[in-house]
Amino acid sequence: MSSVQNTLGPVTSVIGAQWGDEGKGKIVDILAAEYDIIARACGGANAGHTIVVDGEKHIFHLMPSGCLHADKQIVLGSGLVIHLPTLLKEIETLEGHGITIVDRLHISKSAHIVFDYHKEIDGALEEGRENPIGTTKRGIGPAYMDKAARTGIRMGQLSEDLSKEMKNRVATVKNACGVDIDVDLELKSLSDAKEKIGQCVTDTVAYLADARKSGKTILVEGAQAVLLDIDHGTYPFVTSSSTTLAGALQGLGLPPMCVKSCIGVAKAYCTRVGEGDFDTQASGEAEDRLRERGGEYGSTTGRPRRTGWLNIDQLNTANSTNGFTHWNVTKLDVLDEEEVIPVMIKGKLVELEGWKENTAGITSFKDLPENAQAYIKRIEEETGVPVGFIGTGPGREEMITCT
Ligand code: IMP
């Protein structure tokens, strides 16, 4: 076992503790080097992470960010909803860079398929809402609606002839949502997927159980974040899946007791994309400054993210449902120019002193300015969870490891 695995255990998980976009990809990338299997559990192409391949930036929505490590096995678990053309395009992009995927990809036969008509329904539902949710319009909600209604089509059915089934849906969907299904398009997606990734569809629960028995290690890569959780988030401005550690384990069919550690990822400030309350949202220049310094534009939709200050009460709530063993505080350097930093603690916005010094690229805690150290220590004190990792820039090496 590596020293990281000694600390974190053979199954560890990375979970977003705010409203998504906390920058989970970087810690996943670092940890992925130490684990055998990278597993995604829930959600779909609503997620978005930027991966740099050969100096070229790509945005991936379904492939876990750990997939660039060419010797790792990749699992897309049962809790996912998969838009096949998006998945095939991501595989094609990676293969175009010489990174083979198909021979190490394991897709749950129980994961549900997102069809293009789900995306159309997503758009139609949003338009009809008095208070839109601000969804990513990737068909996530409607695909989970089909799943819950027991009318979903699963990856295990890829080998079946679904033409009759798809034609049967046309009238029902038209009547219910006014959306036309392009049957030929949907069937083509299915047959393209069958040809390219049909052999990857498997019983991932058995695969993971066998892997664990033979001593393989697993990194569970959470998607979205705790405050977007369908049960525990800021409903109705949430996504349609379970984004907590428990949700991830359920989505993968992993026994809860197998996890020794869970890293909660939180930005040193806070952002939200989409609608819904945001108690600590900044205004005016401060909101713009955080957005520009942090590059806060949605990677799935390109929407400017709403930006604001850290809400420690929310971190405590997120911790209640996940039991984090460590925090990864990301993007600390984005706060470098702030004179004072407002933070929500016990329902009150308090002002902590800024450090007005460059922290970008610092890799050791003791090299941080005193006030930046105090900021991190305050997070630890108020949450009772140690900060194990601190991001100080976008680069892989720009990380302080305190474990
Ligand atoms: P949906 O998941 O597309 O239905 O969107 C529901 C809400 O979750 C919207 O506010 C989205 O902006 C938000 N959301 C979904 N996925 C992500 C994500 O990966 N990062 C940030 N926000 C997300």
# chains A, B, ... in the order shown; residues from 1 in each chain; ligands from 1
>>> select_by_dssp(residues="segment 71-145 of chain A", states="helix (DSSP H, G or I)", output="NGL selection string")
:A and (84-96 or 102-104 or 116-128 or 140-145)
>>> residues_near_ligand(ligand="ligand 1", cutoff="7 Å", atoms="only C-alpha atoms and all ligand atoms", output="PyMOL selection string")
chain A and resi 19-21+46-48+133-141+223-224+228+237-240+272-275
>>> write_last_selection(atoms="N, CA, C and O atoms", output="tab-separated table (two decimals), in the first residue's frame")
chain	number	residue	atom	x	y	z
A	19	TRP	N	-22.00	23.72	-4.14
A	19	TRP	CA	-22.99	23.56	-5.21
A	19	TRP	C	-22.35	23.06	-6.51
A	19	TRP	O	-22.80	23.38	-7.60
A	20	GLY	N	-21.28	22.32	-6.39
A	20	GLY	CA	-20.60	21.81	-7.59
A	20	GLY	C	-19.50	22.76	-8.03
A	20	GLY	O	-19.36	23.87	-7.50
A	21	ASP	N	-18.71	22.27	-8.95
A	21	ASP	CA	-17.62	23.07	-9.52
A	21	ASP	C	-16.58	23.47	-8.48
A	21	ASP	O	-15.95	24.53	-8.60
A	46	ASN	N	-24.52	16.35	-16.99
A	46	ASN	CA	-24.67	17.67	-16.36
A	46	ASN	C	-23.36	18.09	-15.69
A	46	ASN	O	-23.09	19.27	-15.51
A	47	ALA	N	-22.54	17.10	-15.34
A	47	ALA	CA	-21.23	17.41	-14.76
A	47	ALA	C	-20.32	17.95	-15.87
A	47	ALA	O	-20.58	17.72	-17.05
A	48	GLY	N	-19.31	18.65	-15.48
A	48	GLY	CA	-18.37	19.13	-16.49
A	48	GLY	C	-17.02	19.36	-15.86
A	48	GLY	O	-16.94	20.01	-14.82
A	133	ILE	N	-35.47	26.10	-12.70
A	133	ILE	CA	-34.40	25.59	-11.82
A	133	ILE	C	-33.04	26.04	-12.35
A	133	ILE	O	-32.08	26.18	-11.60
A	134	GLY	N	-33.01	26.29	-13.66
A	134	GLY	CA	-31.72	26.59	-14.28
A	134	GLY	C	-30.95	25.31	-14.54
A	134	GLY	O	-29.75	25.23	-14.27
A	135	THR	N	-31.64	24.28	-15.03
A	135	THR	CA	-30.96	22.99	-15.27
A	135	THR	C	-29.96	23.14	-16.41
A	135	THR	O	-29.98	24.12	-17.15
A	136	THR	N	-29.12	22.13	-16.54
A	136	THR	CA	-28.12	22.15	-17.62
A	136	THR	C	-28.73	21.72	-18.95
A	136	THR	O	-28.05	21.70	-19.97
A	137	LYS	N	-30.00	21.35	-18.93
A	137	LYS	CA	-30.74	20.88	-20.12
A	137	LYS	C	-30.06	19.68	-20.78
A	137	LYS	O	-30.07	19.54	-22.00
A	138	ARG	N	-29.48	18.85	-19.97
A	138	ARG	CA	-28.84	17.63	-20.49
A	138	ARG	C	-29.76	16.41	-20.33
A	138	ARG	O	-29.31	15.28	-20.48
A	139	GLY	N	-31.02	16.67	-20.01
A	139	GLY	CA	-31.98	15.56	-19.94
A	139	GLY	C	-31.90	14.75	-18.66
A	139	GLY	O	-32.47	13.65	-18.58
A	140	ILE	N	-31.21	15.30	-17.66
A	140	ILE	CA	-30.96	14.52	-16.44
A	140	ILE	C	-32.27	14.22	-15.69
A	140	ILE	O	-32.59	13.06	-15.41
A	141	GLY	N	-33.03	15.28	-15.39
A	141	GLY	CA	-34.29	15.10	-14.65
A	141	GLY	C	-35.22	14.13	-15.37
A	141	GLY	O	-35.68	13.14	-14.78
A	223	ALA	N	-19.92	13.26	-8.25
A	223	ALA	CA	-20.28	14.27	-9.25
A	223	ALA	C	-21.27	15.24	-8.61
A	223	ALA	O	-21.92	14.91	-7.62
A	224	GLN	N	-21.39	16.44	-9.20
A	224	GLN	CA	-22.19	17.51	-8.59
A	224	GLN	C	-21.73	17.71	-7.14
A	224	GLN	O	-20.56	17.54	-6.87
A	228	LEU	N	-26.62	20.08	-3.97
A	228	LEU	CA	-27.48	19.79	-5.12
A	228	LEU	C	-28.16	18.43	-4.97
A	228	LEU	O	-28.82	17.96	-5.89
A	237	PHE	N	-34.13	23.51	-6.11
A	237	PHE	CA	-33.01	23.92	-6.97
A	237	PHE	C	-31.84	22.95	-6.79
A	237	PHE	O	-30.77	23.31	-6.29
A	238	VAL	N	-32.09	21.74	-7.19
A	238	VAL	CA	-31.13	20.65	-7.00
A	238	VAL	C	-31.09	19.83	-8.28
A	238	VAL	O	-31.89	20.04	-9.19
A	239	THR	N	-30.19	18.88	-8.32
A	239	THR	CA	-30.20	17.94	-9.44
A	239	THR	C	-31.10	16.76	-9.06
A	239	THR	O	-31.78	16.79	-8.03
A	240	SER	N	-31.11	15.71	-9.87
A	240	SER	CA	-32.09	14.65	-9.65
A	240	SER	C	-31.48	13.39	-9.06
A	240	SER	O	-32.13	12.35	-9.02
A	272	ARG	N	-22.20	29.34	-7.35
A	272	ARG	CA	-23.39	28.56	-7.70
A	272	ARG	C	-23.76	28.88	-9.14
A	272	ARG	O	-23.73	30.05	-9.55
A	273	VAL	N	-24.12	27.86	-9.90
A	273	VAL	CA	-24.61	28.09	-11.25
A	273	VAL	C	-26.04	27.55	-11.27
A	273	VAL	O	-26.33	26.54	-10.66
A	274	GLY	N	-26.94	28.29	-11.89
A	274	GLY	CA	-28.35	27.90	-11.81
A	274	GLY	C	-29.02	28.72	-10.72
A	274	GLY	O	-28.39	29.52	-10.02
A	275	GLU	N	-30.33	28.48	-10.58
A	275	GLU	CA	-31.12	29.31	-9.65
A	275	GLU	C	-31.07	28.76	-8.22
A	275	GLU	O	-30.48	27.72	-7.98
>>> atom_distance(atom1="atom CA of Ile341 of chain A", atom2="atom CA of Cys270 of chain A")
11.9 Å
>>> select_by_dssp(residues="segment 53-158 of chain A", states="strand (DSSP E)", output="list in words")
Val53, Glu56, Lys57, His58, Ile59, Phe60, Gln73, Ile74, Val75, Leu76, Gly77, Ser78, Gly79, Leu80, Val81, Ile82, His83, Leu105, His106, Ile107, Ser108, His112, Ile113 and Val114 of chain A
>>> write_last_selection(atoms="N, CA and C atoms", output="PDB file, in the first residue's frame")
ATOM      1  N   VAL A  53      -5.289  17.670 -22.259  1.00  0.00           N
ATOM      2  CA  VAL A  53      -4.577  16.552 -22.877  1.00  0.00           C
ATOM      3  C   VAL A  53      -3.632  17.128 -23.925  1.00  0.00           C
ATOM      4  N   GLU A  56      -3.937  20.596 -24.763  1.00  0.00           N
ATOM      5  CA  GLU A  56      -5.216  21.047 -25.322  1.00  0.00           C
ATOM      6  C   GLU A  56      -6.311  20.838 -24.272  1.00  0.00           C
ATOM      7  N   LYS A  57      -7.175  21.870 -24.113  1.00  0.00           N
ATOM      8  CA  LYS A  57      -8.227  21.754 -23.092  1.00  0.00           C
ATOM      9  C   LYS A  57      -9.452  21.048 -23.652  1.00  0.00           C
ATOM     10  N   HIS A  58      -9.987  20.086 -22.897  1.00  0.00           N
ATOM     11  CA  HIS A  58     -11.238  19.440 -23.303  1.00  0.00           C
ATOM     12  C   HIS A  58     -12.171  19.440 -22.104  1.00  0.00           C
ATOM     13  N   ILE A  59     -13.461  19.567 -22.408  1.00  0.00           N
ATOM     14  CA  ILE A  59     -14.425  19.482 -21.307  1.00  0.00           C
ATOM     15  C   ILE A  59     -15.102  18.120 -21.390  1.00  0.00           C
ATOM     16  N   PHE A  60     -15.005  17.385 -20.299  1.00  0.00           N
ATOM     17  CA  PHE A  60     -15.629  16.064 -20.256  1.00  0.00           C
ATOM     18  C   PHE A  60     -16.840  16.111 -19.327  1.00  0.00           C
ATOM     19  N   GLN A  73      -8.460   1.270 -14.351  1.00  0.00           N
ATOM     20  CA  GLN A  73      -9.761   0.807 -14.817  1.00  0.00           C
ATOM     21  C   GLN A  73     -10.804   1.876 -14.510  1.00  0.00           C
ATOM     22  N   ILE A  74     -11.788   2.000 -15.396  1.00  0.00           N
ATOM     23  CA  ILE A  74     -12.809   3.047 -15.229  1.00  0.00           C
ATOM     24  C   ILE A  74     -14.177   2.378 -15.082  1.00  0.00           C
ATOM     25  N   VAL A  75     -14.906   2.796 -14.058  1.00  0.00           N
ATOM     26  CA  VAL A  75     -16.256   2.248 -13.859  1.00  0.00           C
ATOM     27  C   VAL A  75     -17.279   3.375 -13.952  1.00  0.00           C
ATOM     28  N   LEU A  76     -18.319   3.148 -14.749  1.00  0.00           N
ATOM     29  CA  LEU A  76     -19.485   4.040 -14.745  1.00  0.00           C
ATOM     30  C   LEU A  76     -20.602   3.227 -14.105  1.00  0.00           C
ATOM     31  N   GLY A  77     -20.989   3.632 -12.904  1.00  0.00           N
ATOM     32  CA  GLY A  77     -21.847   2.789 -12.072  1.00  0.00           C
ATOM     33  C   GLY A  77     -23.328   2.843 -12.407  1.00  0.00           C
ATOM     34  N   SER A  78     -24.086   2.072 -11.635  1.00  0.00           N
ATOM     35  CA  SER A  78     -25.515   1.883 -11.891  1.00  0.00           C
ATOM     36  C   SER A  78     -26.330   3.149 -11.695  1.00  0.00           C
ATOM     37  N   GLY A  79     -25.835   4.079 -10.889  1.00  0.00           N
ATOM     38  CA  GLY A  79     -26.605   5.294 -10.607  1.00  0.00           C
ATOM     39  C   GLY A  79     -26.525   6.333 -11.713  1.00  0.00           C
ATOM     40  N   LEU A  80     -25.714   6.055 -12.729  1.00  0.00           N
ATOM     41  CA  LEU A  80     -25.545   7.065 -13.789  1.00  0.00           C
ATOM     42  C   LEU A  80     -26.695   7.072 -14.784  1.00  0.00           C
ATOM     43  N   VAL A  81     -26.874   8.222 -15.415  1.00  0.00           N
ATOM     44  CA  VAL A  81     -27.739   8.311 -16.592  1.00  0.00           C
ATOM     45  C   VAL A  81     -26.831   8.767 -17.741  1.00  0.00           C
ATOM     46  N   ILE A  82     -26.772   7.945 -18.779  1.00  0.00           N
ATOM     47  CA  ILE A  82     -25.718   8.109 -19.792  1.00  0.00           C
ATOM     48  C   ILE A  82     -26.279   8.526 -21.147  1.00  0.00           C
ATOM     49  N   HIS A  83     -25.809   9.677 -21.615  1.00  0.00           N
ATOM     50  CA  HIS A  83     -26.172  10.108 -22.973  1.00  0.00           C
ATOM     51  C   HIS A  83     -25.114   9.511 -23.898  1.00  0.00           C
ATOM     52  N   LEU A 105     -12.850   0.119 -19.772  1.00  0.00           N
ATOM     53  CA  LEU A 105     -14.100   0.765 -19.346  1.00  0.00           C
ATOM     54  C   LEU A 105     -15.140  -0.288 -18.965  1.00  0.00           C
ATOM     55  N   HIS A 106     -15.753  -0.103 -17.793  1.00  0.00           N
ATOM     56  CA  HIS A 106     -16.768  -1.033 -17.307  1.00  0.00           C
ATOM     57  C   HIS A 106     -18.029  -0.215 -17.023  1.00  0.00           C
ATOM     58  N   ILE A 107     -19.062  -0.441 -17.823  1.00  0.00           N
ATOM     59  CA  ILE A 107     -20.295   0.348 -17.668  1.00  0.00           C
ATOM     60  C   ILE A 107     -21.372  -0.548 -17.080  1.00  0.00           C
ATOM     61  N   SER A 108     -22.014  -0.058 -16.031  1.00  0.00           N
ATOM     62  CA  SER A 108     -23.037  -0.889 -15.386  1.00  0.00           C
ATOM     63  C   SER A 108     -24.186  -1.171 -16.339  1.00  0.00           C
ATOM     64  N   HIS A 112     -28.867   3.959 -16.562  1.00  0.00           N
ATOM     65  CA  HIS A 112     -29.945   4.317 -17.496  1.00  0.00           C
ATOM     66  C   HIS A 112     -29.426   5.152 -18.660  1.00  0.00           C
ATOM     67  N   ILE A 113     -30.167   5.056 -19.766  1.00  0.00           N
ATOM     68  CA  ILE A 113     -29.760   5.795 -20.969  1.00  0.00           C
ATOM     69  C   ILE A 113     -30.538   7.103 -21.039  1.00  0.00           C
ATOM     70  N   VAL A 114     -29.802   8.189 -21.303  1.00  0.00           N
ATOM     71  CA  VAL A 114     -30.444   9.490 -21.561  1.00  0.00           C
ATOM     72  C   VAL A 114     -30.577   9.613 -23.075  1.00  0.00           C
TER      73      VAL A 114
END
>>> closest_residue(among="A:Gly264, A:Gly25, A:Gly198, A:Gly44", to="Gly66 of chain A", atoms="only C-alpha atoms")
A:Gly25
>>> closest_residue(among="A:Pro304, A:Gly247, A:Pro256, A:Gly178", to="Thr271 of chain A", atoms="only C-alpha atoms")
A:Pro304
>>> closest_residue(among="A:Gly276, A:Ser214, A:Gly393, A:Ser261", to="Tyr235 of chain A", atoms="only C-alpha atoms")
A:Gly276
>>> residues_around(residues="Asn168 of chain A", least_positions_apart="6", cutoff="12 Å", atoms="only C-alpha atoms", output="ChimeraX atom specification")
/A:151,162,174,181,183
>>> write_last_selection(atoms="N, CA and C atoms", output="PDB file, in the first residue's frame")
ATOM      1  N   THR A 151     -39.904   3.163 -16.367  1.00  0.00           N
ATOM      2  CA  THR A 151     -40.023   3.104 -17.825  1.00  0.00           C
ATOM      3  C   THR A 151     -38.683   3.405 -18.499  1.00  0.00           C
ATOM      4  N   LEU A 162     -34.556  -2.276 -29.950  1.00  0.00           N
ATOM      5  CA  LEU A 162     -35.450  -1.370 -29.206  1.00  0.00           C
ATOM      6  C   LEU A 162     -36.330  -0.535 -30.146  1.00  0.00           C
ATOM      7  N   LYS A 174     -45.241  12.694 -26.756  1.00  0.00           N
ATOM      8  CA  LYS A 174     -45.859  13.859 -27.416  1.00  0.00           C
ATOM      9  C   LYS A 174     -47.041  14.354 -26.571  1.00  0.00           C
ATOM     10  N   ILE A 181     -40.221  12.562 -30.650  1.00  0.00           N
ATOM     11  CA  ILE A 181     -39.025  11.695 -30.587  1.00  0.00           C
ATOM     12  C   ILE A 181     -38.551  11.449 -32.020  1.00  0.00           C
ATOM     13  N   VAL A 183     -37.118   9.015 -33.827  1.00  0.00           N
ATOM     14  CA  VAL A 183     -36.857   7.589 -33.595  1.00  0.00           C
ATOM     15  C   VAL A 183     -35.573   7.132 -34.291  1.00  0.00           C
TER      16      VAL A 183
END
>>> residues_around(residues="Leu87 of chain A", least_positions_apart="6", cutoff="9 Å", atoms="only C-alpha atoms", output="list in words")
Ala45, Phe60, His61, Leu62, Met63 and Ala193 of chain A
>>> write_last_selection(atoms="N, CA and C atoms", output="PDB file, in the first residue's frame")
ATOM      1  N   ALA A  45     -24.305  13.815 -17.902  1.00  0.00           N
ATOM      2  CA  ALA A  45     -23.523  14.829 -18.620  1.00  0.00           C
ATOM      3  C   ALA A  45     -23.839  16.247 -18.142  1.00  0.00           C
ATOM      4  N   PHE A  60     -15.005  17.385 -20.299  1.00  0.00           N
ATOM      5  CA  PHE A  60     -15.629  16.064 -20.256  1.00  0.00           C
ATOM      6  C   PHE A  60     -16.840  16.111 -19.327  1.00  0.00           C
ATOM      7  N   HIS A  61     -17.831  15.319 -19.663  1.00  0.00           N
ATOM      8  CA  HIS A  61     -19.075  15.342 -18.885  1.00  0.00           C
ATOM      9  C   HIS A  61     -19.390  13.990 -18.257  1.00  0.00           C
ATOM     10  N   LEU A  62     -18.987  12.941 -18.909  1.00  0.00           N
ATOM     11  CA  LEU A  62     -19.317  11.610 -18.396  1.00  0.00           C
ATOM     12  C   LEU A  62     -18.099  10.824 -17.919  1.00  0.00           C
ATOM     13  N   MET A  63     -17.016  10.929 -18.655  1.00  0.00           N
ATOM     14  CA  MET A  63     -15.819  10.205 -18.234  1.00  0.00           C
ATOM     15  C   MET A  63     -15.304  10.820 -16.941  1.00  0.00           C
ATOM     16  N   ALA A 193     -23.565   2.979 -30.236  1.00  0.00           N
ATOM     17  CA  ALA A 193     -23.033   2.658 -28.905  1.00  0.00           C
ATOM     18  C   ALA A 193     -22.810   1.156 -28.760  1.00  0.00           C
TER      19      ALA A 193
END
>>> closest_residue(among="A:Ile37, A:Thr363, A:Val385, A:Asp184", to="Glu397 of chain A", atoms="only C-alpha atoms")
A:Thr363
>>> atom_distance(atom1="atom CA of Asn131 of chain A", atom2="atom CA of Arg306 of chain A")
17.4 Å
>>> residues_around(residues="Cys262 of chain A", least_positions_apart="6", cutoff="6 Å", atoms="only C-alpha atoms", output="list in words")
Thr12, Ser13, Val14, Phe324 and Thr325 of chain A
>>> closest_residue(among="A:Leu310, A:Ala41, A:Ala318, A:Ile390", to="Leu332 of chain A", atoms="only C-alpha atoms")
A:Ile390
>>> atom_distance(atom1="atom CA of Gly152 of chain A", atom2="atom CA of Glu130 of chain A")
27.2 Å
>>> closest_residue(among="A:Phe365, A:Tyr375, A:Tyr207, A:Tyr297", to="Ala268 of chain A", atoms="only C-alpha atoms")
A:Tyr375
>>> decode(residues="segment 1-32 of chain A", atoms="N, CA and C atoms", output="PDB file, in the first residue's frame")
ATOM      1  N   MET A   1       0.840  -1.221   0.000  1.00  0.00           N
ATOM      2  CA  MET A   1       0.000   0.000   0.000  1.00  0.00           C
ATOM      3  C   MET A   1       0.861   1.252   0.000  1.00  0.00           C
ATOM      4  N   SER A   2       0.457   2.250  -0.769  1.00  0.00           N
ATOM      5  CA  SER A   2       1.199   3.509  -0.776  1.00  0.00           C
ATOM      6  C   SER A   2       0.875   4.272   0.504  1.00  0.00           C
ATOM      7  N   SER A   3       1.651   5.324   0.779  1.00  0.00           N
ATOM      8  CA  SER A   3       1.384   6.065   2.017  1.00  0.00           C
ATOM      9  C   SER A   3       0.026   6.765   1.962  1.00  0.00           C
ATOM     10  N   VAL A   4      -0.371   7.192   0.755  1.00  0.00           N
ATOM     11  CA  VAL A   4      -1.696   7.814   0.622  1.00  0.00           C
ATOM     12  C   VAL A   4      -2.766   6.791   0.991  1.00  0.00           C
ATOM     13  N   GLN A   5      -2.605   5.559   0.467  1.00  0.00           N
ATOM     14  CA  GLN A   5      -3.608   4.535   0.786  1.00  0.00           C
ATOM     15  C   GLN A   5      -3.586   4.168   2.263  1.00  0.00           C
ATOM     16  N   ASN A   6      -2.400   4.239   2.892  1.00  0.00           N
ATOM     17  CA  ASN A   6      -2.346   3.981   4.331  1.00  0.00           C
ATOM     18  C   ASN A   6      -3.214   4.969   5.075  1.00  0.00           C
ATOM     19  N   THR A   7      -3.203   6.228   4.626  1.00  0.00           N
ATOM     20  CA  THR A   7      -4.007   7.253   5.281  1.00  0.00           C
ATOM     21  C   THR A   7      -5.468   7.152   4.887  1.00  0.00           C
ATOM     22  N   LEU A   8      -5.718   6.976   3.601  1.00  0.00           N
ATOM     23  CA  LEU A   8      -7.099   7.087   3.114  1.00  0.00           C
ATOM     24  C   LEU A   8      -7.820   5.742   2.995  1.00  0.00           C
ATOM     25  N   GLY A   9      -7.075   4.657   2.972  1.00  0.00           N
ATOM     26  CA  GLY A   9      -7.698   3.332   2.878  1.00  0.00           C
ATOM     27  C   GLY A   9      -7.886   2.895   1.436  1.00  0.00           C
ATOM     28  N   PRO A  10      -8.250   1.603   1.254  1.00  0.00           N
ATOM     29  CA  PRO A  10      -8.337   1.047  -0.100  1.00  0.00           C
ATOM     30  C   PRO A  10      -9.533   1.550  -0.923  1.00  0.00           C
ATOM     31  N   VAL A  11     -10.540   2.094  -0.240  1.00  0.00           N
ATOM     32  CA  VAL A  11     -11.641   2.722  -0.988  1.00  0.00           C
ATOM     33  C   VAL A  11     -11.809   4.128  -0.428  1.00  0.00           C
ATOM     34  N   THR A  12     -11.610   5.108  -1.256  1.00  0.00           N
ATOM     35  CA  THR A  12     -11.807   6.481  -0.786  1.00  0.00           C
ATOM     36  C   THR A  12     -12.709   7.218  -1.758  1.00  0.00           C
ATOM     37  N   SER A  13     -13.205   8.354  -1.293  1.00  0.00           N
ATOM     38  CA  SER A  13     -14.179   9.059  -2.106  1.00  0.00           C
ATOM     39  C   SER A  13     -13.919  10.563  -2.068  1.00  0.00           C
ATOM     40  N   VAL A  14     -14.211  11.198  -3.168  1.00  0.00           N
ATOM     41  CA  VAL A  14     -14.069  12.653  -3.268  1.00  0.00           C
ATOM     42  C   VAL A  14     -15.457  13.212  -3.552  1.00  0.00           C
ATOM     43  N   ILE A  15     -15.938  14.080  -2.651  1.00  0.00           N
ATOM     44  CA  ILE A  15     -17.322  14.563  -2.750  1.00  0.00           C
ATOM     45  C   ILE A  15     -17.338  16.096  -2.702  1.00  0.00           C
ATOM     46  N   GLY A  16     -18.057  16.711  -3.605  1.00  0.00           N
ATOM     47  CA  GLY A  16     -18.211  18.170  -3.607  1.00  0.00           C
ATOM     48  C   GLY A  16     -19.083  18.594  -2.446  1.00  0.00           C
ATOM     49  N   ALA A  17     -18.639  19.593  -1.676  1.00  0.00           N
ATOM     50  CA  ALA A  17     -19.353  19.969  -0.452  1.00  0.00           C
ATOM     51  C   ALA A  17     -20.219  21.211  -0.625  1.00  0.00           C
ATOM     52  N   GLN A  18     -20.175  21.837  -1.812  1.00  0.00           N
ATOM     53  CA  GLN A  18     -20.979  23.061  -2.001  1.00  0.00           C
ATOM     54  C   GLN A  18     -22.004  22.824  -3.112  1.00  0.00           C
ATOM     55  N   TRP A  19     -22.001  23.716  -4.138  1.00  0.00           N
ATOM     56  CA  TRP A  19     -22.988  23.559  -5.214  1.00  0.00           C
ATOM     57  C   TRP A  19     -22.349  23.058  -6.509  1.00  0.00           C
ATOM     58  N   GLY A  20     -21.278  22.319  -6.395  1.00  0.00           N
ATOM     59  CA  GLY A  20     -20.602  21.812  -7.594  1.00  0.00           C
ATOM     60  C   GLY A  20     -19.501  22.757  -8.028  1.00  0.00           C
ATOM     61  N   ASP A  21     -18.707  22.272  -8.953  1.00  0.00           N
ATOM     62  CA  ASP A  21     -17.617  23.073  -9.523  1.00  0.00           C
ATOM     63  C   ASP A  21     -16.583  23.475  -8.481  1.00  0.00           C
ATOM     64  N   GLU A  22     -16.404  22.662  -7.467  1.00  0.00           N
ATOM     65  CA  GLU A  22     -15.410  22.986  -6.426  1.00  0.00           C
ATOM     66  C   GLU A  22     -13.984  22.728  -6.900  1.00  0.00           C
ATOM     67  N   GLY A  23     -13.864  22.086  -8.049  1.00  0.00           N
ATOM     68  CA  GLY A  23     -12.519  21.759  -8.539  1.00  0.00           C
ATOM     69  C   GLY A  23     -12.082  20.394  -8.038  1.00  0.00           C
ATOM     70  N   LYS A  24     -13.027  19.440  -8.066  1.00  0.00           N
ATOM     71  CA  LYS A  24     -12.738  18.083  -7.570  1.00  0.00           C
ATOM     72  C   LYS A  24     -11.703  17.388  -8.450  1.00  0.00           C
ATOM     73  N   GLY A  25     -11.672  17.802  -9.730  1.00  0.00           N
ATOM     74  CA  GLY A  25     -10.832  17.113 -10.714  1.00  0.00           C
ATOM     75  C   GLY A  25      -9.379  17.031 -10.311  1.00  0.00           C
ATOM     76  N   LYS A  26      -8.876  18.065  -9.672  1.00  0.00           N
ATOM     77  CA  LYS A  26      -7.442  18.083  -9.371  1.00  0.00           C
ATOM     78  C   LYS A  26      -7.071  17.062  -8.285  1.00  0.00           C
ATOM     79  N   ILE A  27      -7.837  17.021  -7.220  1.00  0.00           N
ATOM     80  CA  ILE A  27      -7.527  16.043  -6.162  1.00  0.00           C
ATOM     81  C   ILE A  27      -7.747  14.623  -6.702  1.00  0.00           C
ATOM     82  N   VAL A  28      -8.766  14.485  -7.555  1.00  0.00           N
ATOM     83  CA  VAL A  28      -9.006  13.167  -8.163  1.00  0.00           C
ATOM     84  C   VAL A  28      -7.796  12.782  -9.002  1.00  0.00           C
ATOM     85  N   ASP A  29      -7.300  13.732  -9.767  1.00  0.00           N
ATOM     86  CA  ASP A  29      -6.153  13.445 -10.630  1.00  0.00           C
ATOM     87  C   ASP A  29      -4.950  13.007  -9.789  1.00  0.00           C
ATOM     88  N   ILE A  30      -4.742  13.693  -8.677  1.00  0.00           N
ATOM     89  CA  ILE A  30      -3.592  13.358  -7.823  1.00  0.00           C
ATOM     90  C   ILE A  30      -3.785  11.978  -7.184  1.00  0.00           C
ATOM     91  N   LEU A  31      -4.985  11.729  -6.663  1.00  0.00           N
ATOM     92  CA  LEU A  31      -5.224  10.449  -5.986  1.00  0.00           C
ATOM     93  C   LEU A  31      -5.314   9.292  -6.967  1.00  0.00           C
ATOM     94  N   ALA A  32      -5.791   9.592  -8.173  1.00  0.00           N
ATOM     95  CA  ALA A  32      -5.983   8.527  -9.164  1.00  0.00           C
ATOM     96  C   ALA A  32      -4.682   7.775  -9.410  1.00  0.00           C
TER      97      ALA A  32
END
